[in-house]
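Engineer: This is the structure I have questions about; it appears just below.
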Amino acid sequence: MGLTRKTKILSIISLLVLPLLVPWVNAMFSDFEINSHFDDREVTLIGSHGRFKAQAAYHDGTHAVGTGYYGTFFDTIYLLTVRTDKVVEGDPNNLNAFLRSHQTLMVYKIKKNDDGHYVLRRLEEDPRLGMHESQIEAIGFFGPLSSIPTPEVNQAL
């Protein structure tokens, strides 16, 4: 007996949607903090149970805070920004700050180099600049399906 049309459609949708949910389910078991120092700003990213908060302090005085949801899978972090608040004290015509504040999906790859430091690879907001690598400090747990080895945070109960 063959499958009905509704059953076929539901099975196809589930085969497409379920693999996309794996990073978000993995993020429900993660808790981490990433600090990075870029050429024009310093960024702190705090993620816990699928939600994140990112704070960027630019050297020209601009401050931006973004919140949203994230997913982790192997060595990749997917950030979906829902809300961004920006205070401009420096150059109001900073194109890179404008592009970063309007970016909704960000993908970061994290790996450990030979020296034991973590390296973050990301695509710049301006596509003409290409891929950018920078050293970061990572603390916490990125989920059971993550290949990013980090020391656990010691917390007193």
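Ordered as shown in the structure tokens, chains take letters A, B, and onward, while each chain numbers its residues from 1 and ligands are numbered from 1 in the order shown.
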Which residues are near Leu145 in chain A? Cut-off 12 Å, only C-alpha atoms, ignore same chain within fewer than 6 positions. Put them as a ChimeraX atom specification.
Structural biologist: /A:22-30,71-77
Engineer: With a distance cut-off of 10 Å and only C-alpha atoms, select the neighbouring residues of His37 in chain A, excluding the residue or stretch itself and same-chain residues fewer than 5 positions from it, and output the selection as a list in words.
Structural biologist: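 The neighbour list is Glu42, Val43, Thr44, Ala56, Ala57, Ser134, Gln135, Ile136 and Glu137 of chain A.
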Engineer: Where does DSSP see helix (DSSP H, G or I) in chain A, if you list the residues as a PyMOL selection string?
Structural biologist: chain A and resi 5-27+95-101+127-129
Engineer: Would you write out those residues with C-alpha atoms, as a compact mmCIF listing (two decimals), in the first residue's frame?
Structural biologist:
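Contents of out-v9.txt, freshly written:
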# COMPACT_ATOMS: atom_id res chain seq x y z
CA ARG A 5 -0.02 12.49 -0.47
CA LYS A 6 -0.08 14.15 2.97
CA THR A 7 2.25 11.53 4.42
CA LYS A 8 4.70 11.99 1.55
CA ILE A 9 4.70 15.77 1.99
CA LEU A 10 5.18 15.51 5.76
CA SER A 11 8.03 13.03 5.37
CA ILE A 12 9.80 15.26 2.84
CA ILE A 13 9.38 18.32 5.08
CA SER A 14 10.67 16.42 8.10
CA LEU A 15 13.70 15.17 6.14
CA LEU A 16 14.51 18.76 5.19
CA VAL A 17 13.79 20.45 8.53
CA LEU A 18 15.23 17.96 11.05
CA PRO A 19 18.89 18.31 9.92
CA LEU A 20 18.54 22.10 10.14
CA LEU A 21 17.40 21.82 13.78
CA VAL A 22 20.51 19.92 14.95
CA PRO A 23 22.67 23.06 15.60
CA TRP A 24 19.86 24.74 17.53
CA VAL A 25 19.22 21.65 19.67
CA ASN A 26 22.97 21.36 20.33
CA ALA A 27 23.00 24.98 21.50
CA LEU A 95 30.37 52.07 6.99
CA ASN A 96 31.66 48.90 8.66
CA ALA A 97 29.80 49.66 11.91
CA PHE A 98 26.63 50.30 9.90
CA LEU A 99 26.97 47.01 7.98
CA ARG A 100 27.67 45.03 11.16
CA SER A 101 24.62 46.47 12.93
CA PRO A 127 32.53 41.29 0.76
CA ARG A 128 35.50 42.99 -0.90
CA LEU A 129 37.57 42.32 2.24
Engineer: Can you check which residues of chain A DSSP gives as strand (DSSP E) on the backbone and send them as number ranges by chain?
Structural biologist: A: 31-37, 41-48, 51-58, 63-73, 76-87, 105-112, 118-123, 131-141
Engineer: Nearest to Tyr108 in chain A: which of A:Leu123, A:Ala54, A:Leu3, A:Ile34 is it, counting only C-alpha atoms?
Structural biologist: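 Ranked by minimum distance to Tyr108 in chain A, first place goes to A:Leu123.
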Engineer: Leaving out Lys112 in chain A and any residue of its chain fewer than 3 positions from it, which residues lie within 10 Å of it when counting only C-alpha atoms, given as a list of chain:residue names?
Structural biologist: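 Residues meeting the cut-off are A:Asp75, A:Asp115, A:Gly116, A:His117, A:Tyr118, A:Val119, A:Leu120, A:Gln135, A:Ile136, A:Ile148, A:Pro149, A:Thr150.
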Engineer: Determine the nearest neighbour of Ser146 in chain A from the options A:Val65, A:Val87, A:Ile110, A:Leu79, counting only C-alpha atoms.
Structural biologist: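 Closest residue, counting only C-alpha atoms: A:Ile110.
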Engineer: Using only C-alpha atoms, determine which residues lie at most 6 Å from Ser48 in chain A, disregarding the query and same-chain residues fewer than 2 positions distant; provide the list as a ChimeraX atom specification.
Structural biologist: /A:30-31,50-51
Engineer: Name the residues in contact with Gln103 in chain A at a cut-off of 9 Å, using only C-alpha atoms, excluding same-chain residues fewer than 6 positions from it; report them as a ChimeraX atom specification.
Structural biologist: /A:80-81,125
